[in-house]
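Raw final.cif, mmCIF, C-alpha atoms:
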```cif
data_run
#
loop_
_atom_site.label_atom_id
_atom_site.label_comp_id
_atom_site.auth_asym_id
_atom_site.auth_seq_id
_atom_site.Cartn_x
_atom_site.Cartn_y
_atom_site.Cartn_z
CA MET A 1 171.74 -95.09 43.20
CA THR A 2 168.98 -95.61 40.87
CA GLN A 3 165.65 -96.90 42.19
CA GLY A 4 163.84 -99.04 39.60
CA ILE A 5 160.10 -99.28 39.12
CA ASN A 6 158.71 -102.87 39.09
CA LEU A 7 156.14 -102.78 36.35
CA LEU A 8 155.44 -106.58 36.57
CA LYS A 9 154.06 -106.43 40.14
CA VAL A 10 150.42 -106.20 39.05
CA GLU A 11 150.81 -109.09 36.61
CA ARG A 12 152.42 -111.26 39.29
CA LYS A 13 149.54 -110.56 41.64
CA ARG A 14 147.09 -111.57 38.93
CA ASP A 15 149.02 -114.77 38.34
CA GLU A 16 148.86 -115.56 42.04
CA ARG A 17 145.10 -115.09 42.06
CA LEU A 18 144.78 -117.34 39.03
CA VAL A 19 146.89 -120.00 40.69
CA ASN A 20 144.77 -119.82 43.83
CA LEU A 21 141.56 -119.95 41.83
CA ALA A 22 142.86 -122.88 39.82
CA HIS A 23 143.79 -124.68 43.04
CA SER A 24 140.38 -124.06 44.58
CA LEU A 25 138.64 -125.20 41.42
CA LYS A 26 140.80 -128.30 41.25
CA VAL A 27 140.02 -129.24 44.85
CA GLY A 28 136.36 -128.42 44.41
CA SER A 29 136.04 -130.42 41.20
CA ILE A 30 137.75 -133.42 42.80
CA VAL A 31 135.38 -133.23 45.78
CA LEU A 32 132.48 -132.93 43.33
CA LEU A 33 133.75 -135.93 41.40
CA ILE A 34 134.03 -137.98 44.60
CA PHE A 35 130.49 -137.07 45.69
CA TYR A 36 129.16 -137.64 42.21
CA SER A 37 130.86 -141.05 42.02
CA LEU A 38 129.44 -141.97 45.43
CA MET A 39 125.98 -140.87 44.34
CA VAL A 40 126.21 -142.82 41.08
CA THR A 41 127.38 -145.90 42.98
CA ALA A 42 124.56 -145.55 45.50
CA LEU A 43 121.99 -145.09 42.74
CA PHE A 44 123.21 -148.09 40.79
CA SER A 45 123.31 -150.20 43.95
CA PHE A 46 119.77 -149.10 44.81
CA SER A 47 118.69 -149.90 41.26
CA ILE A 48 120.17 -153.41 41.56
CA TYR A 49 118.48 -153.88 44.95
CA LEU A 50 115.12 -152.76 43.51
CA GLY A 51 115.54 -155.13 40.58
CA GLN A 52 116.25 -158.03 42.93
CA GLU A 53 113.28 -157.10 45.15
CA SER A 54 111.04 -156.86 42.10
CA THR A 55 112.14 -160.29 40.88
CA LYS A 56 111.64 -161.76 44.36
CA THR A 57 108.16 -160.21 44.67
CA THR A 58 107.20 -161.40 41.17
CA LYS A 59 108.22 -164.93 42.13
CA GLU A 60 106.22 -164.72 45.38
CA ILE A 61 103.19 -163.46 43.43
CA GLU A 62 103.54 -166.40 41.03
CA THR A 63 103.67 -168.81 43.98
CA LYS A 64 100.54 -167.27 45.51
CA GLN A 65 98.76 -167.37 42.15
CA ARG A 66 99.61 -171.08 41.85
CA GLN A 67 98.24 -171.62 45.37
CA LEU A 68 95.07 -169.75 44.36
CA GLU A 69 94.71 -171.97 41.29
CA GLY A 70 94.68 -174.93 43.66
CA LEU A 71 92.03 -173.25 45.79
CA LYS A 72 89.80 -172.31 42.84
CA LYS A 73 87.08 -174.76 43.80
CA VAL A 74 86.87 -173.38 47.36
CA GLU A 75 86.75 -169.85 45.95
CA SER A 76 83.96 -170.77 43.53
CA LEU A 77 81.93 -172.37 46.30
CA GLN A 78 82.41 -169.34 48.55
CA LEU A 79 81.40 -167.04 45.70
CA VAL A 80 78.21 -169.00 44.99
CA LEU A 81 77.43 -169.08 48.70
CA LYS A 82 77.97 -165.34 49.08
CA GLN A 83 75.98 -164.50 45.92
CA ARG A 84 72.99 -166.52 47.07
CA LEU A 85 73.12 -165.43 50.70
CA SER A 86 73.36 -161.74 49.90
CA SER A 87 70.35 -161.97 47.53
CA LEU A 88 68.34 -164.08 49.95
CA THR A 89 69.19 -161.84 52.90
CA GLU A 90 67.71 -158.86 51.05
CA LEU A 91 64.60 -160.88 50.15
CA MET A 92 64.12 -162.38 53.60
CA THR A 93 64.56 -159.12 55.47
CA LYS A 94 61.88 -157.48 53.27
CA ARG A 95 59.57 -160.43 53.66
CA GLY A 96 58.01 -159.70 57.05
CA ALA A 97 55.20 -161.79 58.49
CA SER A 98 53.81 -164.69 56.45
CA TYR A 99 50.25 -164.83 55.16
CA GLN A 100 49.57 -167.64 57.61
CA GLU A 101 50.39 -165.24 60.47
CA TRP A 102 48.02 -162.64 58.96
CA LEU A 103 45.17 -165.16 58.76
CA SER A 104 45.86 -166.44 62.30
CA GLN A 105 45.80 -162.89 63.59
CA LEU A 106 42.48 -162.30 61.80
CA ASP A 107 41.05 -165.49 63.30
CA GLN A 108 42.13 -164.38 66.79
CA LYS A 109 40.41 -161.02 66.37
CA SER A 110 37.21 -162.52 65.00
CA GLU A 111 34.01 -162.28 67.07
CA PRO A 112 30.97 -164.54 67.35
CA GLY A 113 28.46 -163.11 64.88
CA ILE A 114 31.12 -162.14 62.33
CA THR A 115 31.23 -164.17 59.11
CA ILE A 116 34.07 -163.50 56.74
CA LYS A 117 33.09 -164.25 53.14
CA GLN A 118 36.17 -163.18 51.26
CA ILE A 119 39.78 -162.27 52.02
CA THR A 120 41.97 -160.68 49.38
CA ILE A 121 45.64 -160.22 50.09
CA LEU A 122 47.44 -157.91 47.70
CA ASP A 123 51.18 -157.93 47.11
CA SER A 124 51.25 -154.33 48.34
CA GLY A 125 50.65 -155.78 51.83
CA VAL A 126 47.01 -154.75 52.07
CA MET A 127 44.41 -157.27 53.18
CA LYS A 128 40.83 -156.62 52.09
CA ILE A 129 38.13 -158.52 53.94
CA SER A 130 34.43 -158.62 53.27
CA GLY A 131 31.81 -160.33 55.35
CA SER A 132 28.73 -159.91 57.44
CA ALA A 133 28.04 -159.03 61.06
CA SER A 134 24.90 -160.10 62.89
CA GLN A 135 24.66 -156.71 64.69
CA ALA A 136 26.26 -153.30 64.55
CA THR A 137 27.71 -153.75 68.07
CA VAL A 138 29.40 -156.99 67.00
CA LEU A 139 30.97 -155.22 64.03
CA ALA A 140 32.08 -152.35 66.28
CA ARG A 141 33.73 -154.80 68.70
CA PHE A 142 35.42 -156.57 65.78
CA LEU A 143 36.79 -153.26 64.47
CA ASP A 144 38.00 -152.29 67.96
CA LYS A 145 39.84 -155.59 68.31
CA LEU A 146 41.43 -155.22 64.88
CA ALA A 147 42.56 -151.70 65.78
CA GLU A 148 44.16 -152.87 69.04
CA GLU A 149 47.93 -152.75 68.99
CA ASN A 150 49.25 -155.89 67.31
CA PRO A 151 52.35 -156.92 65.36
CA ILE A 152 50.55 -157.55 62.05
CA PHE A 153 47.91 -154.90 61.29
CA SER A 154 48.91 -151.27 61.47
CA THR A 155 45.86 -149.48 59.98
CA VAL A 156 42.22 -150.56 59.88
CA VAL A 157 39.78 -148.81 57.54
CA LEU A 158 36.08 -149.68 57.27
CA THR A 159 35.55 -148.94 53.57
CA SER A 160 31.83 -149.79 53.31
CA ILE A 161 28.93 -150.96 55.43
CA SER A 162 25.33 -151.72 54.44
CA ARG A 163 22.40 -152.82 56.57
CA GLN A 164 20.43 -155.82 55.33
CA LYS A 165 16.69 -156.50 55.68
CA ASP A 166 17.31 -159.12 58.39
CA GLY A 167 19.17 -156.55 60.52
CA SER A 168 22.67 -157.86 59.73
CA TYR A 169 25.40 -155.76 58.20
CA LEU A 170 27.59 -156.39 55.16
CA PHE A 171 30.98 -154.79 55.49
CA ASN A 172 34.29 -154.27 53.69
CA ILE A 173 37.44 -153.60 55.68
CA ASP A 174 40.94 -152.76 54.44
CA LEU A 175 43.78 -153.77 56.71
CA LYS A 176 47.20 -152.36 56.16
CA THR A 177 49.77 -154.84 57.36
CA SER A 178 53.25 -154.17 58.63
CA ASN A 179 54.56 -155.36 55.19
CA ALA A 180 52.46 -152.78 53.34
CA THR A 181 54.08 -150.59 50.73
CA GLN A 182 51.00 -148.48 49.91
CA THR A 183 48.54 -146.57 51.98
CA VAL A 184 45.06 -147.95 52.31
CA SER A 185 42.67 -146.12 50.00
CA MET B 1 161.26 -103.70 17.32
CA PRO B 2 158.22 -103.33 19.54
CA HIS B 3 157.48 -106.14 22.03
CA LYS B 4 154.17 -107.93 21.22
CA PRO B 5 152.53 -109.51 24.33
CA SER B 6 151.90 -113.26 23.69
CA LEU B 7 149.06 -115.32 25.27
CA ASP B 8 150.51 -117.66 27.85
CA LEU B 9 148.38 -120.82 27.63
CA ASN B 10 150.38 -122.50 30.38
CA LYS B 11 148.63 -120.18 32.84
CA TYR B 12 145.26 -121.84 32.02
CA LYS B 13 146.47 -125.43 32.25
CA PRO B 14 145.31 -125.91 35.90
CA PHE B 15 141.73 -125.08 34.78
CA ILE B 16 141.52 -127.97 32.34
CA LEU B 17 140.98 -130.71 34.93
CA PRO B 18 138.10 -128.95 36.78
CA LEU B 19 136.56 -128.16 33.41
CA VAL B 20 136.80 -131.79 32.27
CA ILE B 21 135.32 -132.97 35.60
CA LEU B 22 132.49 -130.48 35.36
CA CYS B 23 131.72 -131.52 31.79
CA LEU B 24 131.84 -135.17 32.81
CA VAL B 25 129.44 -134.55 35.72
CA VAL B 26 127.04 -132.49 33.64
CA PHE B 27 126.97 -134.77 30.59
CA SER B 28 126.87 -138.05 32.50
CA GLY B 29 124.19 -136.53 34.76
CA LEU B 30 122.10 -135.64 31.75
CA PHE B 31 122.55 -138.76 29.69
CA LEU B 32 123.17 -141.47 32.32
CA LEU B 33 121.95 -140.39 35.73
CA LYS B 34 118.67 -138.76 34.72
CA PRO B 35 117.37 -141.82 32.82
CA LYS B 36 118.56 -144.05 35.65
CA ILE B 37 116.66 -141.99 38.25
CA SER B 38 113.51 -142.14 36.09
CA GLN B 39 113.97 -145.90 35.78
CA ILE B 40 114.43 -146.27 39.55
CA LEU B 41 111.28 -144.25 40.22
CA GLY B 42 109.35 -146.43 37.78
CA VAL B 43 110.66 -149.66 39.33
CA ARG B 44 109.79 -148.34 42.80
CA ARG B 45 106.22 -147.58 41.76
CA ASN B 46 105.94 -150.99 40.14
CA LEU B 47 107.41 -152.68 43.21
CA SER B 48 104.99 -150.84 45.45
CA SER B 49 101.98 -152.07 43.42
CA GLN B 50 103.49 -155.57 43.32
CA LYS B 51 103.83 -155.55 47.11
CA THR B 52 100.19 -154.46 47.46
CA LYS B 53 99.10 -157.24 45.11
CA LEU B 54 101.22 -159.76 47.03
CA ALA B 55 99.66 -158.65 50.33
CA GLN B 56 96.15 -159.04 48.83
CA LEU B 57 96.99 -162.47 47.44
CA THR B 58 98.51 -163.58 50.75
CA THR B 59 95.36 -162.49 52.61
CA LYS B 60 93.14 -164.23 50.07
CA VAL B 61 95.13 -167.46 50.14
CA ALA B 62 95.08 -167.46 53.96
CA ALA B 63 91.31 -166.83 53.96
CA LEU B 64 90.67 -169.60 51.43
CA GLN B 65 92.92 -172.03 53.29
CA GLY B 66 90.89 -171.32 56.42
CA LEU B 67 87.66 -172.48 54.74
CA ASP B 68 86.41 -176.04 54.96
CA GLU B 69 85.71 -177.32 51.44
CA VAL B 70 83.36 -180.09 52.59
CA GLU B 71 81.27 -177.68 54.67
CA LEU B 72 81.17 -175.20 51.80
CA GLU B 73 79.95 -177.91 49.41
CA GLU B 74 77.24 -178.88 51.87
CA ARG B 75 76.11 -175.27 52.35
CA THR B 76 76.12 -174.60 48.61
CA LYS B 77 74.01 -177.72 48.07
CA VAL B 78 71.48 -176.47 50.64
CA LEU B 79 71.31 -173.03 49.03
CA LEU B 80 71.04 -174.43 45.51
CA GLY B 81 68.07 -176.44 46.75
CA VAL B 82 66.46 -173.34 48.23
CA LEU B 83 67.37 -171.09 45.31
CA PRO B 84 67.89 -173.12 42.10
CA SER B 85 70.37 -171.92 39.50
CA GLN B 86 67.78 -172.00 36.71
CA LYS B 87 64.04 -171.87 36.12
CA ASP B 88 63.13 -175.20 37.62
CA LEU B 89 59.59 -175.50 36.31
CA PRO B 90 59.13 -179.25 36.91
CA GLY B 91 60.64 -178.94 40.40
CA ALA B 92 58.35 -176.06 41.32
CA LEU B 93 55.28 -177.85 39.94
CA VAL B 94 56.14 -180.99 41.89
CA THR B 95 56.63 -178.93 45.04
CA ILE B 96 53.28 -177.12 44.68
CA LYS B 97 51.49 -180.39 43.94
CA SER B 98 53.18 -182.09 46.87
CA ILE B 99 52.46 -179.28 49.39
CA THR B 100 48.79 -179.03 48.40
CA SER B 101 48.27 -182.77 48.68
CA ALA B 102 50.22 -182.92 51.97
CA ALA B 103 47.97 -180.19 53.37
CA GLY B 104 44.89 -182.03 52.14
CA LEU B 105 43.91 -179.28 49.70
CA GLU B 106 42.54 -179.91 46.25
CA LEU B 107 44.65 -178.35 43.53
CA ARG B 108 41.98 -177.17 41.07
CA GLU B 109 43.99 -175.12 38.63
CA ILE B 110 47.58 -174.19 37.98
CA GLN B 111 48.85 -171.67 35.46
CA VAL B 112 52.40 -170.70 34.69
CA GLU B 113 54.15 -168.69 32.01
CA PRO B 114 57.70 -170.00 32.16
CA GLY B 115 59.12 -168.02 29.22
CA GLU B 116 62.61 -169.07 28.23
CA ILE B 117 63.73 -172.14 30.10
CA SER B 118 67.38 -172.51 29.05
CA THR B 119 69.89 -171.26 31.58
CA GLU B 120 71.52 -168.82 29.18
CA SER B 121 68.29 -167.08 28.27
CA ALA B 122 67.06 -167.25 31.83
CA GLN B 123 69.45 -164.55 32.99
CA PRO B 124 68.02 -162.45 35.80
CA GLU B 125 66.09 -159.45 34.65
CA PRO B 126 65.83 -156.42 36.90
CA THR B 127 62.43 -156.51 38.58
CA LYS B 128 60.88 -153.86 40.72
CA LYS B 129 59.32 -156.48 42.90
CA TYR B 130 62.41 -158.38 44.05
CA ASN B 131 66.14 -158.46 43.65
CA LEU B 132 65.79 -162.02 42.31
CA PRO B 133 64.35 -163.44 39.09
CA PHE B 134 61.26 -165.59 39.58
CA LEU B 135 58.64 -167.79 37.94
CA GLU B 136 55.05 -166.77 38.56
CA PHE B 137 52.37 -169.38 39.18
CA LYS B 138 48.64 -168.87 39.53
CA ILE B 139 46.91 -171.65 41.40
CA THR B 140 43.42 -172.35 42.63
CA VAL B 141 43.01 -174.60 45.65
CA GLY B 142 39.99 -175.82 47.55
CA GLY B 143 39.59 -177.15 51.08
CA ASN B 144 39.01 -175.71 54.54
CA ARG B 145 40.72 -172.96 56.58
CA THR B 146 42.87 -175.37 58.59
CA GLN B 147 44.12 -177.07 55.46
CA PHE B 148 44.81 -173.72 53.84
CA GLY B 149 46.74 -172.58 56.90
CA ASP B 150 48.74 -175.79 56.82
CA PHE B 151 49.47 -175.22 53.12
CA LEU B 152 50.83 -171.73 53.83
CA THR B 153 53.01 -173.03 56.67
CA LYS B 154 54.39 -175.86 54.52
CA LEU B 155 55.05 -173.48 51.64
CA VAL B 156 57.40 -171.39 53.80
CA LEU B 157 59.27 -174.49 54.97
CA THR B 158 59.72 -176.17 51.60
CA ALA B 159 62.48 -175.76 49.01
CA PRO B 160 62.66 -174.24 46.42
CA LEU B 161 61.85 -170.89 47.96
CA MET B 162 58.39 -169.61 47.00
CA GLN B 163 56.34 -166.68 48.12
CA VAL B 164 52.62 -165.97 47.94
CA THR B 165 52.19 -162.51 46.46
CA THR B 166 48.40 -162.20 46.23
CA ALA B 167 45.62 -164.34 47.61
CA GLU B 168 41.88 -164.27 47.14
CA ILE B 169 40.14 -166.52 49.62
CA THR B 170 36.40 -167.08 49.29
CA GLN B 171 34.57 -168.86 52.07
CA ALA B 172 31.32 -170.71 51.38
CA ASP B 173 28.58 -171.02 54.00
CA GLY B 174 29.61 -174.57 54.87
CA GLY B 175 33.12 -173.45 55.81
CA ALA B 176 34.74 -174.66 52.60
CA ILE B 177 37.11 -172.23 51.02
CA GLU B 178 38.48 -171.65 47.57
CA ALA B 179 41.68 -169.69 47.20
CA ASP B 180 43.22 -168.14 44.11
CA LEU B 181 46.90 -167.59 44.77
CA LYS B 182 49.78 -166.01 42.91
CA LEU B 183 53.05 -167.71 43.82
CA ASP B 184 56.55 -166.63 42.90
CA ALA B 185 59.24 -169.32 42.74
CA PHE B 186 62.70 -167.80 42.87
CA PHE B 187 65.87 -168.80 41.06
CA LEU B 188 69.29 -167.24 40.50
CA PRO B 189 71.83 -168.20 37.82
CA LEU B 190 75.31 -169.07 39.04
CA PRO B 191 77.98 -166.37 38.76
CA SER B 192 79.71 -166.66 35.39
CA THR B 193 83.18 -165.52 36.46
CA LEU B 194 85.34 -165.63 39.55
CA GLY B 195 86.48 -162.03 39.16
CA ALA B 196 90.01 -160.68 39.46
CA VAL B 197 92.58 -162.85 41.24
CA GLU B 198 93.57 -160.14 43.67
CA LYS B 199 89.95 -159.26 44.43
CA PRO B 200 89.40 -159.87 48.14
CA LEU B 201 87.36 -162.87 49.14
CA ALA B 202 83.84 -161.91 50.14
CA SER B 203 83.15 -163.16 53.63
CA ILE B 204 79.79 -164.20 55.03
CA THR B 205 78.36 -161.58 57.38
CA PRO B 206 76.68 -162.55 60.69
CA GLN B 207 73.31 -161.49 59.22
CA GLU B 208 73.82 -163.77 56.21
CA GLU B 209 74.87 -166.57 58.56
CA GLY B 210 71.59 -166.09 60.43
CA ILE B 211 69.64 -166.27 57.16
CA TYR B 212 71.54 -169.44 56.23
CA GLN B 213 70.58 -171.01 59.56
CA GLN B 214 66.92 -170.19 58.80
CA LEU B 215 67.15 -171.51 55.25
CA SER B 216 68.96 -174.69 56.25
CA ARG B 217 65.76 -175.75 58.02
CA ILE B 218 63.90 -175.65 54.70
CA SER B 219 63.71 -179.10 53.14
CA PRO B 220 62.73 -180.19 49.65
CA ALA B 221 59.20 -181.49 49.13
CA GLN B 222 58.83 -185.20 49.92
CA THR B 223 57.56 -186.41 46.61
CA GLY B 224 58.22 -188.33 43.46
CA THR B 225 58.38 -186.84 40.02
CA ILE B 226 55.66 -185.75 37.64
CA SER B 227 54.43 -188.86 35.87
CA PRO B 228 54.61 -188.53 32.09
CA ILE B 229 51.29 -188.21 30.34
CA GLN B 230 50.58 -191.23 28.13
CA SER B 231 49.49 -190.11 24.74
CA GLY B 232 49.37 -191.62 21.27
CA LYS B 233 50.21 -195.21 20.52
CA GLU B 234 53.09 -197.19 21.96
CA ASN B 235 54.01 -198.51 18.55
CA PRO B 236 53.04 -196.22 15.71
CA PHE B 237 53.50 -199.00 13.13
CA THR B 238 50.84 -201.26 14.58
CA PRO B 239 47.31 -200.73 13.33
#
```
Would you write the structure of this file as structure tokens?
Amino acid sequence: MTQGINLLKVERKRDERLVNLAHSLKVGSIVLLIFYSLMVTALFSFSIYLGQESTKTTKEIETKQRQLEGLKKVESLQLVLKQRLSSLTELMTKRGASYQEWLSQLDQKSEPGITIKQITILDSGVMKISGSASQATVLARFLDKLAEENPIFSTVVLTSISRQKDGSYLFNIDLKTSNATQTVS
Amino acid sequence: MPHKPSLDLNKYKPFILPLVILCLVVFSGLFLLKPKISQILGVRRNLSSQKTKLAQLTTKVAALQGLDEVELEERTKVLLGVLPSQKDLPGALVTIKSITSAAGLELREIQVEPGEISTESAQPEPTKKYNLPFLEFKITVGGNRTQFGDFLTKLVLTAPLMQVTTAEITQADGGAIEADLKLDAFFLPLPSTLGAVEKPLASITPQEEGIYQQLSRISPAQTGTISPIQSGKENPFTP
């Protein structure tokens, strides 16, 4: 009995591997195609949804803009009001006490024997007063009263004093008020 | 005759379908899906900004609908009286004249350099002194201390808004005083534009409301108008 040698065995094995590989690839590619199709469908659907949302939002914006057109007068009034109030608030908060309050305060502090000849109020918030005092003690009392704690005058500086022949004194005083922006020289 | 091995194409037939699918996926991905994804991303960004704009507009519309137009008109009228929209030289002169006479003071001199009067040329210039443009007056008044005090009080309570910047008060022996004053009368041109539609509506702060309550107590000077000065002849053709 003759035993034959099968020389095609290797080739058959290779064919089997190719068939298996082809099958796997076929299944894999079909799965890939299904997933890809699903993804494409989802993307297109999402794109359509976004388009619809965008159109809807655009329409809503147009409606709101039309409403705003109708409310233009109210908006203008509010804008004018805000513009003026913000500017005036800044001005009024910087303003401080009025000159009438300064003069009243000066009157309150005045002493018998003190005669004020001239008052100069500068926009830097410094009040310069010049006058005469009948006696040195009167002037001293006046200065003490001005230097007392009060809401208007923060610094009191006697800038000059001169004794007259009749015994009275001429004086110049600088008062720095709470509104002052400069220091008294 | 020697056997020549031939290439069996039938063996590769099962690979054609996966190859076609792969090519389809790759090419359609490159030329269809990639542009679509870019488009979707763009639309999403656009939609997001649209939604933000819509939210801003909705807030603004709701805020504007909540405002009372009649009250706003009234408040604006008050503030335009206090702070005119242009250099109101005649108005300021009338007010000064009226306050001095109401206080019993004698108005001895009045000086003003109005500059450009028209609204366009009267645009606010940046000043170091204030955040508002102003007209500067120099006046000289005579009277007594009580009258002068009354004048200062009335000045604060009268529209348009004015402020004394410098004062030089000289007192004579008899108690009579003469005062040289520098007065600033404020004005502010109206805003020229409303701004962007989606710009949020500026609301009035409690501090500004307080200032409005203070300013609403200021009233215009009770007076007539400046009487025109008669000059020349009524009829130039008569001898």
### Message
Quick check on the file I pasted: which residues fall under the PyMOL selection byres ((chain A and resi 169) around 7)? Write them as a PyMOL selection string.
### Response
chain A and resi 132-136+161-164+167-168+170-171
### Selection dump of the PyMOL selection byres ((chain B and resi 181) around 6), as an MDAnalysis selection string
chainID B and resid 138:139 166:167 180 182
Kindly provide, as a PDB file with C-alpha atoms, in the frame of the given file, the residues of chain B having any atom no farther than 6 Å from an atom of chain A, counting all atoms listed in the file.
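iface38.pdb written:
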```
ATOM      1  CA  PRO B  14     145.310-125.910  35.900  1.00  0.00           C
ATOM      2  CA  PHE B  15     141.730-125.080  34.780  1.00  0.00           C
ATOM      3  CA  PRO B  18     138.100-128.950  36.780  1.00  0.00           C
ATOM      4  CA  ILE B  40     114.430-146.270  39.550  1.00  0.00           C
ATOM      5  CA  LEU B  47     107.410-152.680  43.210  1.00  0.00           C
ATOM      6  CA  LEU B  54     101.220-159.760  47.030  1.00  0.00           C
ATOM      7  CA  GLU B  69      85.710-177.320  51.440  1.00  0.00           C
ATOM      8  CA  THR B  76      76.120-174.600  48.610  1.00  0.00           C
ATOM      9  CA  GLY B 149      46.740-172.580  56.900  1.00  0.00           C
ATOM     10  CA  LEU B 152      50.830-171.730  53.830  1.00  0.00           C
ATOM     11  CA  THR B 165      52.190-162.510  46.460  1.00  0.00           C
ATOM     12  CA  THR B 166      48.400-162.200  46.230  1.00  0.00           C
ATOM     13  CA  ALA B 167      45.620-164.340  47.610  1.00  0.00           C
ATOM     14  CA  GLU B 168      41.880-164.270  47.140  1.00  0.00           C
ATOM     15  CA  ILE B 169      40.140-166.520  49.620  1.00  0.00           C
ATOM     16  CA  THR B 170      36.400-167.080  49.290  1.00  0.00           C
ATOM     17  CA  GLN B 171      34.570-168.860  52.070  1.00  0.00           C
ATOM     18  CA  GLU B 208      73.820-163.770  56.210  1.00  0.00           C
TER      19      GLU B 208
END
```
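Here CA of Ser192 (chain B) stands at a distance of 18.8 Å from CA of Asp88 (chain B).
For the pair CA of Ile173 (chain A) and CA of Glu111 (chain A), the interatomic distance is 14.7 Å.
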Please list, as a PDB file with C-alpha atoms, in the coordinates of the input, the residues that have an atom at most 9 Å away from (66.6, -173.7, 41.9) in the coordinates of this file, counting all atoms listed in the file.
```
ATOM      1  CA  LEU B  79      71.310-173.030  49.030  1.00  0.00           C
ATOM      2  CA  LEU B  80      71.040-174.430  45.510  1.00  0.00           C
ATOM      3  CA  GLY B  81      68.070-176.440  46.750  1.00  0.00           C
ATOM      4  CA  VAL B  82      66.460-173.340  48.230  1.00  0.00           C
ATOM      5  CA  LEU B  83      67.370-171.090  45.310  1.00  0.00           C
ATOM      6  CA  PRO B  84      67.890-173.120  42.100  1.00  0.00           C
ATOM      7  CA  SER B  85      70.370-171.920  39.500  1.00  0.00           C
ATOM      8  CA  GLN B  86      67.780-172.000  36.710  1.00  0.00           C
ATOM      9  CA  LYS B  87      64.040-171.870  36.120  1.00  0.00           C
ATOM     10  CA  ASP B  88      63.130-175.200  37.620  1.00  0.00           C
ATOM     11  CA  GLY B  91      60.640-178.940  40.400  1.00  0.00           C
ATOM     12  CA  ALA B  92      58.350-176.060  41.320  1.00  0.00           C
ATOM     13  CA  ALA B 159      62.480-175.760  49.010  1.00  0.00           C
ATOM     14  CA  PRO B 160      62.660-174.240  46.420  1.00  0.00           C
ATOM     15  CA  LEU B 161      61.850-170.890  47.960  1.00  0.00           C
ATOM     16  CA  ALA B 185      59.240-169.320  42.740  1.00  0.00           C
ATOM     17  CA  PHE B 186      62.700-167.800  42.870  1.00  0.00           C
ATOM     18  CA  PHE B 187      65.870-168.800  41.060  1.00  0.00           C
ATOM     19  CA  LEU B 188      69.290-167.240  40.500  1.00  0.00           C
ATOM     20  CA  PRO B 189      71.830-168.200  37.820  1.00  0.00           C
TER      21      PRO B 189
END
```
